[in-house]
>>> print(open('model_10.cif').read())   # mmCIF, C-alpha atoms (C1' of nucleotides)
data_run
loop_
_atom_site.label_atom_id
_atom_site.label_comp_id
_atom_site.auth_asym_id
_atom_site.auth_seq_id
_atom_site.Cartn_x
_atom_site.Cartn_y
_atom_site.Cartn_z
CA MET W 27 -46.28 -1.52 -32.09
CA SER W 28 -49.56 -1.24 -30.22
CA THR W 29 -48.94 1.61 -27.84
CA LYS W 30 -52.40 2.21 -26.46
CA LEU W 31 -53.11 -0.66 -24.15
CA GLY W 32 -53.27 1.61 -21.11
CA PHE W 33 -51.42 -0.20 -18.36
CA SER W 34 -52.30 0.75 -14.81
CA ILE W 35 -49.39 1.50 -12.53
CA GLY W 36 -49.81 -1.88 -10.84
CA ALA W 37 -49.78 -3.69 -14.20
CA LEU W 38 -46.66 -1.80 -15.23
CA GLY W 39 -45.09 -2.77 -11.93
CA LYS W 40 -45.86 -6.44 -12.47
CA ALA W 41 -44.65 -6.34 -16.05
CA THR W 42 -41.29 -4.94 -15.00
CA GLY W 43 -40.81 -6.20 -11.46
CA THR W 44 -41.04 -2.74 -9.96
CA GLU W 45 -42.84 -1.52 -6.86
CA VAL W 46 -45.64 0.96 -7.53
CA VAL W 47 -44.02 3.51 -5.22
CA THR W 48 -40.77 3.18 -7.11
CA ILE W 49 -42.53 3.94 -10.40
CA ARG W 50 -44.03 7.09 -8.93
CA TYR W 51 -40.58 7.98 -7.59
CA TYR W 52 -39.02 7.54 -11.05
CA GLU W 53 -41.68 9.82 -12.46
CA LYS W 54 -40.99 12.45 -9.83
CA ILE W 55 -37.25 12.53 -10.53
CA GLY W 56 -37.80 12.52 -14.28
CA ILE W 57 -36.51 9.02 -15.10
CA LEU W 58 -39.90 7.97 -16.43
CA PRO W 59 -42.03 10.30 -18.58
CA ILE W 60 -45.30 11.56 -17.15
CA PRO W 61 -48.11 9.27 -18.32
CA SER W 62 -51.59 10.24 -19.33
CA ARG W 63 -54.45 9.87 -16.88
CA THR W 64 -57.78 8.13 -16.95
CA ALA W 65 -61.06 9.85 -16.13
CA GLY W 66 -60.61 8.70 -12.54
CA ASN W 67 -57.11 10.24 -12.38
CA TYR W 68 -55.27 6.93 -12.60
CA ARG W 69 -51.94 6.87 -14.43
CA SER W 70 -52.20 5.10 -17.78
CA TYR W 71 -49.04 3.71 -19.35
CA SER W 72 -48.20 2.71 -22.92
CA ASP W 73 -45.93 0.00 -24.31
CA ALA W 74 -43.23 2.65 -24.61
CA HIS W 75 -43.35 3.12 -20.87
CA VAL W 76 -43.02 -0.61 -20.33
CA ARG W 77 -39.94 -0.72 -22.55
CA ARG W 78 -38.36 2.29 -20.90
CA LEU W 79 -38.95 1.05 -17.38
CA GLY W 80 -37.66 -2.38 -18.42
CA PHE W 81 -34.47 -0.72 -19.59
CA VAL W 82 -34.15 1.20 -16.34
CA ARG W 83 -34.66 -1.90 -14.20
CA ARG W 84 -32.12 -3.96 -16.12
CA ALA W 85 -29.58 -1.18 -15.77
CA ARG W 86 -30.38 -0.85 -12.04
CA GLY W 87 -29.97 -4.59 -11.76
CA LEU W 88 -26.44 -4.11 -13.01
CA GLY W 89 -25.90 -1.50 -10.32
CA PHE W 90 -25.93 1.58 -12.54
CA PRO W 91 -26.76 4.66 -10.48
CA LEU W 92 -29.86 6.52 -11.61
CA GLU W 93 -27.77 9.42 -12.91
CA ALA W 94 -25.89 7.08 -15.25
CA ILE W 95 -29.20 5.61 -16.34
CA ARG W 96 -30.49 9.08 -17.05
CA ALA W 97 -27.47 9.58 -19.32
CA LEU W 98 -28.04 6.23 -21.04
CA LEU W 99 -31.67 7.12 -21.64
CA ALA W 100 -30.68 10.45 -23.13
CA LEU W 101 -28.35 8.58 -25.49
CA THR W 102 -31.02 6.11 -26.56
CA ASP W 103 -33.17 9.09 -27.43
CA GLN W 104 -30.46 10.47 -29.74
CA PRO W 105 -29.46 7.62 -32.05
CA ASP W 106 -26.89 9.76 -33.87
CA MET W 107 -24.65 10.14 -30.86
CA PRO W 108 -21.40 8.20 -30.90
CA CYS W 109 -21.52 4.79 -29.29
CA GLU W 110 -18.36 5.55 -27.33
CA GLU W 111 -20.36 7.40 -24.75
CA VAL W 112 -22.42 4.34 -24.00
CA ASP W 113 -19.28 2.28 -23.79
CA LYS W 114 -17.74 4.76 -21.37
CA LEU W 115 -20.72 4.60 -19.02
CA VAL W 116 -20.57 0.82 -19.02
CA LEU W 117 -16.84 0.75 -18.38
CA ASP W 118 -17.18 3.30 -15.58
CA GLN W 119 -19.70 1.05 -13.93
CA LEU W 120 -17.50 -1.99 -14.47
CA TYR W 121 -14.58 -0.24 -12.80
CA ALA W 122 -16.75 0.94 -9.93
CA VAL W 123 -17.89 -2.62 -9.34
CA GLU W 124 -14.32 -3.91 -9.51
CA ARG W 125 -13.20 -1.34 -6.96
CA LYS W 126 -15.99 -2.36 -4.62
CA ILE W 127 -15.08 -6.01 -5.00
CA SER W 128 -11.45 -5.46 -4.13
CA ASP W 129 -12.39 -3.28 -1.16
CA LEU W 130 -14.71 -5.98 0.09
CA GLU W 131 -12.12 -8.70 -0.46
CA ARG W 132 -9.75 -6.86 1.83
CA LEU W 133 -12.51 -6.61 4.40
CA ARG W 134 -13.27 -10.28 4.03
CA SER W 135 -9.73 -11.36 4.76
CA GLU W 136 -9.51 -9.08 7.77
CA LEU W 137 -12.83 -10.31 9.11
CA ASP W 138 -11.74 -13.86 8.50
CA ARG W 139 -8.61 -13.32 10.50
CA LEU W 140 -10.68 -11.64 13.21
CA ALA W 141 -13.20 -14.48 13.34
CA ASN W 142 -10.41 -17.00 13.81
CA GLN W 143 -9.10 -15.17 16.84
CA CYS W 144 -12.04 -16.45 18.83
CA ARG W 145 -10.36 -19.46 20.36
CA GLY W 146 -11.09 -20.66 23.85
CA GLY W 147 -11.99 -17.40 25.56
CA ARG W 148 -15.32 -17.83 27.30
CA HIS W 149 -16.02 -14.31 28.38
CA VAL W 150 -15.80 -10.94 26.74
CA SER W 151 -13.12 -10.00 29.25
CA ASP W 152 -10.65 -12.34 27.55
CA CYS W 153 -12.05 -12.05 24.02
CA ARG W 154 -9.30 -11.74 21.44
CA ILE W 155 -11.66 -10.14 18.96
CA ILE W 156 -12.44 -7.22 21.22
CA GLU W 157 -8.75 -6.98 21.95
CA ALA W 158 -7.92 -6.89 18.27
CA LEU W 159 -10.40 -4.08 17.69
CA SER W 160 -9.13 -2.11 20.67
CA PRO W 161 -6.25 0.34 20.48
CA MET O 1 -4.04 5.76 32.63
CA SER O 2 -4.16 9.53 32.49
CA THR O 3 -7.76 10.27 31.59
CA LYS O 4 -7.88 14.02 32.03
CA LEU O 5 -5.95 15.46 29.15
CA GLY O 6 -9.04 17.21 27.78
CA PHE O 7 -8.97 16.65 24.04
CA SER O 8 -10.89 19.14 21.92
CA ILE O 9 -13.21 17.65 19.32
CA GLY O 10 -10.70 18.53 16.60
CA ALA O 11 -7.87 16.82 18.47
CA LEU O 12 -10.03 13.73 18.99
CA GLY O 13 -10.81 13.77 15.30
CA LYS O 14 -7.16 13.88 14.35
CA ALA O 15 -6.25 11.19 16.87
CA THR O 16 -8.81 8.80 15.39
CA GLY O 17 -9.14 9.89 11.78
CA THR O 18 -12.71 11.07 12.22
CA GLU O 19 -14.43 14.19 10.94
CA VAL O 20 -15.63 16.57 13.63
CA VAL O 21 -19.19 16.41 12.33
CA THR O 22 -19.09 12.63 12.52
CA ILE O 23 -18.05 12.76 16.16
CA ARG O 24 -20.98 15.01 16.96
CA TYR O 25 -23.22 12.64 15.01
CA TYR O 26 -21.97 9.66 17.04
CA GLU O 27 -22.72 11.57 20.20
CA LYS O 28 -26.23 12.38 19.04
CA ILE O 29 -27.08 8.77 18.26
CA GLY O 30 -25.52 7.53 21.48
CA ILE O 31 -22.48 5.72 20.06
CA LEU O 32 -20.10 8.03 21.90
CA PRO O 33 -20.79 9.13 25.50
CA ILE O 34 -21.52 12.78 26.14
CA PRO O 35 -18.29 14.53 27.07
CA SER O 36 -17.79 17.25 29.64
CA ARG O 37 -17.60 20.86 28.51
CA THR O 38 -15.12 23.64 29.02
CA ALA O 39 -16.05 27.06 30.36
CA GLY O 40 -16.50 28.20 26.76
CA ASN O 41 -18.89 25.31 26.05
CA TYR O 42 -16.38 23.28 24.05
CA ARG O 43 -16.54 19.49 24.26
CA SER O 44 -13.66 18.05 26.26
CA TYR O 45 -12.73 14.42 25.72
CA SER O 46 -10.76 11.97 27.84
CA ASP O 47 -8.46 9.09 26.87
CA ALA O 48 -11.44 6.79 27.35
CA HIS O 49 -13.21 8.64 24.56
CA VAL O 50 -10.21 8.27 22.30
CA ARG O 51 -10.14 4.52 22.91
CA ARG O 52 -13.85 4.14 22.36
CA LEU O 53 -13.88 6.15 19.18
CA GLY O 54 -10.82 4.26 17.98
CA PHE O 55 -12.75 1.03 18.49
CA VAL O 56 -15.75 2.40 16.61
CA ARG O 57 -13.65 3.55 13.67
CA ARG O 58 -11.82 0.26 13.36
CA ALA O 59 -15.12 -1.58 13.37
CA ARG O 60 -16.57 0.85 10.80
CA GLY O 61 -13.46 0.29 8.72
CA LEU O 62 -14.43 -3.38 8.63
CA GLY O 63 -17.87 -2.38 7.45
CA PHE O 64 -19.79 -3.12 10.66
CA PRO O 65 -23.05 -1.17 10.70
CA LEU O 66 -23.42 1.22 13.61
CA GLU O 67 -26.08 -0.97 15.21
CA ALA O 68 -23.66 -3.89 15.34
CA ILE O 69 -21.02 -1.59 16.79
CA ARG O 70 -23.49 -0.47 19.42
CA ALA O 71 -23.94 -4.12 20.35
CA LEU O 72 -20.16 -4.71 20.42
CA LEU O 73 -19.72 -1.69 22.67
CA ALA O 74 -22.42 -2.96 25.02
CA LEU O 75 -20.51 -6.27 25.21
CA THR O 76 -17.19 -4.62 25.94
CA ASP O 77 -18.93 -2.85 28.80
CA GLN O 78 -20.04 -6.17 30.28
CA PRO O 79 -16.93 -8.36 30.50
CA ASP O 80 -18.89 -11.29 31.99
CA MET O 81 -20.96 -11.85 28.87
CA PRO O 82 -20.10 -14.91 26.81
CA CYS O 83 -17.65 -14.36 24.01
CA GLU O 84 -19.94 -16.20 21.60
CA GLU O 85 -21.98 -13.09 21.08
CA VAL O 86 -18.95 -11.21 19.86
CA ASP O 87 -18.08 -14.08 17.58
CA LYS O 88 -21.62 -14.11 16.19
CA LEU O 89 -21.51 -10.42 15.32
CA VAL O 90 -18.20 -10.87 13.53
CA LEU O 91 -19.42 -13.90 11.60
CA ASP O 92 -22.62 -12.09 10.63
CA GLN O 93 -20.53 -9.29 9.21
CA LEU O 94 -18.25 -11.76 7.45
CA TYR O 95 -21.23 -13.44 5.81
CA ALA O 96 -22.74 -10.10 4.83
CA VAL O 97 -19.47 -9.13 3.15
CA GLU O 98 -19.27 -12.48 1.38
CA ARG O 99 -22.80 -12.10 0.07
CA LYS O 100 -21.98 -8.65 -1.25
CA ILE O 101 -18.85 -9.96 -2.94
CA SER O 102 -20.67 -12.72 -4.74
CA ASP O 103 -23.45 -10.36 -5.81
CA LEU O 104 -20.86 -7.97 -7.19
CA GLU O 105 -18.99 -10.74 -8.95
CA ARG O 106 -22.12 -11.65 -10.83
CA LEU O 107 -22.54 -8.02 -11.78
CA ARG O 108 -18.93 -7.83 -12.87
CA SER O 109 -19.22 -10.73 -15.26
CA GLU O 110 -22.43 -9.34 -16.75
CA LEU O 111 -20.90 -5.92 -17.16
CA ASP O 112 -17.83 -7.47 -18.68
CA ARG O 113 -19.94 -9.29 -21.22
CA LEU O 114 -21.84 -6.08 -21.89
CA ALA O 115 -18.69 -4.02 -22.35
CA ASN O 116 -17.41 -6.49 -24.90
CA GLN O 117 -20.52 -6.13 -27.02
CA CYS O 118 -19.33 -2.73 -28.12
CA ARG O 119 -17.69 -3.81 -31.35
CA GLY O 120 -17.72 -1.67 -34.44
CA GLY O 121 -21.00 0.18 -34.00
CA ARG O 122 -20.33 3.89 -34.38
CA HIS O 123 -23.65 5.32 -33.38
CA VAL O 124 -26.08 4.69 -30.60
CA SER O 125 -28.59 3.52 -33.20
CA ASP O 126 -26.56 0.36 -33.79
CA CYS O 127 -25.12 0.02 -30.31
CA ARG O 128 -25.21 -3.53 -29.09
CA ILE O 129 -25.06 -2.45 -25.48
CA ILE O 130 -28.27 -0.48 -25.67
CA GLU O 131 -29.77 -3.39 -27.55
CA ALA O 132 -28.71 -5.79 -24.82
CA LEU O 133 -30.30 -3.62 -22.16
CA SER O 134 -33.51 -3.22 -24.12
CA PRO O 135 -36.41 -5.65 -23.89
"C1'" DG R 12 -77.85 0.00 -4.78
"C1'" DA R 13 -74.94 -1.15 -1.13
"C1'" DT R 14 -71.00 -3.31 0.39
"C1'" DG R 15 -66.31 -4.82 0.28
"C1'" DA R 16 -61.81 -5.75 -1.58
"C1'" DA R 17 -58.37 -4.43 -4.42
"C1'" DC R 18 -56.56 -1.05 -6.47
"C1'" DC R 19 -55.28 3.93 -7.07
"C1'" DC R 20 -54.22 9.04 -5.46
"C1'" DT R 21 -51.18 12.82 -2.87
"C1'" DG R 22 -47.99 14.17 0.50
"C1'" DT R 23 -44.76 13.53 4.02
"C1'" DA R 24 -41.30 11.26 6.77
"C1'" DG R 25 -37.89 7.67 7.44
"C1'" DC R 26 -33.85 4.46 6.38
"C1'" DC R 27 -28.02 4.64 6.67
"C1'" DG R 28 -23.94 7.13 7.67
"C1'" DC R 29 -22.56 10.71 7.09
"C1'" DT R 30 -21.79 15.72 4.69
"C1'" DA R 31 -22.95 20.50 3.90
"C1'" DT R 32 -24.75 24.90 5.03
"C1'" DA R 33 -26.10 28.92 7.79
"C1'" DG R 34 -25.27 31.81 11.39
"C1'" DG R 35 -23.13 32.43 15.10
"C1'" DG R 36 -19.39 32.13 19.62
"C1'" DT R 37 -14.37 31.24 21.63
"C1'" DC R 38 -9.53 31.32 21.89
"C1'" DA R 39 -4.64 32.22 21.06
"C1'" DA R 40 -1.37 34.85 18.68
"C1'" DT R 41 -0.06 39.10 16.68
"C1'" DA D 11 -7.82 45.16 18.51
"C1'" DT D 12 -8.01 42.07 15.10
"C1'" DT D 13 -7.26 38.17 12.62
"C1'" DG D 14 -7.89 33.28 11.78
"C1'" DA D 15 -8.46 28.78 13.42
"C1'" DC D 16 -11.22 26.52 15.90
"C1'" DC D 17 -15.76 25.55 18.17
"C1'" DC D 18 -21.17 25.76 18.85
"C1'" DT D 19 -26.33 24.55 17.33
"C1'" DA D 20 -29.75 23.43 14.09
"C1'" DT D 21 -31.36 22.02 9.77
"C1'" DA D 22 -31.31 19.98 5.21
"C1'" DG D 23 -29.40 16.91 1.77
"C1'" DC D 24 -27.26 12.63 -0.52
"C1'" DG D 25 -29.25 7.67 -3.12
"C1'" DG D 26 -32.78 4.82 -3.89
"C1'" DC D 27 -36.12 3.68 -2.29
"C1'" DT D 28 -39.91 2.32 1.61
"C1'" DA D 29 -43.61 3.27 4.86
"C1'" DC D 30 -47.39 5.64 6.48
"C1'" DA D 31 -51.59 8.62 6.77
"C1'" DG D 32 -55.74 9.73 4.88
"C1'" DG D 33 -58.22 9.62 1.35
"C1'" DG D 34 -60.69 8.35 -3.86
"C1'" DT D 35 -61.97 4.73 -7.79
"C1'" DT D 36 -63.40 0.53 -9.81
"C1'" DC D 37 -65.43 -3.73 -10.14
"C1'" DA D 38 -67.62 -7.91 -8.51
"C1'" DT D 39 -70.94 -9.76 -5.59
"C1'" DC D 40 -75.14 -9.71 -2.78
#
>>> encode(input="model_10.cif", output="structure tokens")
Amino acid sequence: MSTKLGFSIGALGKATGTEVVTIRYYEKIGILPIPSRTAGNYRSYSDAHVRRLGFVRRARGLGFPLEAIRALLALTDQPDMPCEEVDKLVLDQLYAVERKISDLERLRSELDRLANQCRGGRHVSDCRIIEALSP
Amino acid sequence: MSTKLGFSIGALGKATGTEVVTIRYYEKIGILPIPSRTAGNYRSYSDAHVRRLGFVRRARGLGFPLEAIRALLALTDQPDMPCEEVDKLVLDQLYAVERKISDLERLRSELDRLANQCRGGRHVSDCRIIEALSP
DNA sequence: GATGAACCCTGTAGCCGCTATAGGGTCAAT
DNA sequence: ATTGACCCTATAGCGGCTACAGGGTTCATC
């Protein structure tokens, strides 16, 4: 509950595995609240900032786009909102990831087929791969 | 072998499934050779352009980055080069796709676990998902 | 009290592969 | 003569950072 330790931006970065520039970027786009400043104009973060940035980085680690994270943050700030909305955001992200996987699996099998065309030909002129990519 | 049909940019786009703006972009970054122009300053493409753009789009469809495609194009222009280099580019792309798939599969299982936490809680205040994302 | 290293500040531009917008010109059919 | 579909250039924007330029602050060491 101590919220006045006064983390520097570098300390916050280390605590959360975030680049300093990324933290400033999050502040600029309103993902992270504006911190107070020291006498020397350094940003000074509280425990609340550490928790919030930790949340953001975990969600980013799961591939959530920043806009979805913004929505999740808004929900955490309003504890009376129905939990469904959180669930929906998570499911949306799950489906997005599943779509990407199946797209990439199709690519993989085509690339695999393509890679196995390379049999014997020594020069590009008789390369089956180039042939397969050509009209 | 007729190379003087004079496709307009729109016709080239339709023939290859490419947006007009994308064709101009490819020209600007040197992926597609500069075409001749009509009296009215319209771009005029030959069959060779159609084939080249077709090649580019197929490779893009397999997820090759434009830099790799640039390298593939350079190889197709030099038929004496060893075929290995083509093979290497294809394998690189295959490995890149495989890495992405396994990354996404990890995400999928984590998201799946997360989605299944949403049991019972009606409000964000007792949402297990938010809890799981929080420090 | 001077120096140096490690940190911090702002602002701007770049990455990829397009896509969108603004503000025009050309061409073919009616 | 006018419409409407096409074409032209140039510039800015998307996401999510990353890099760079050109400074200021803080703290330890000499």
>>> calpha_fit_rmsd(input="model_10.cif", fixed="chain O", moving="chain W")
0.0 Å
>>> interface_residues(input="model_10.cif", of="chain O", to="chain W", cutoff="7 Å", atoms="only C-alpha atoms", output="PyMOL selection string")
chain O and resi 51+54-55+58-59+62+75-76+79-83+87+90-91+94+97-98+101+104+107-108+111-112+115+118+121-125+127+133-135
>>> resolve_selection(input="model_10.cif", expression="the PyMOL selection byres ((chain W) within 12 of (chain R))", output="PyMOL selection string")
chain W and resi 34-37+46-47+50+63-64+66-70
>>> resolve_selection(input="model_10.cif", expression="the PyMOL selection byres ((chain D) within 12 of (chain W))", output="ChimeraX atom specification")
/D:25-29,34-36
>>> atom_distance(input="model_10.cif", atom1="CA of Gly43 (chain W)", atom2="C1' of DC37 (chain D)")
24.8 Å
>>> atom_distance(input="model_10.cif", atom1="CA of Lys14 (chain O)", atom2="C1' of DC16 (chain D)")
13.4 Å
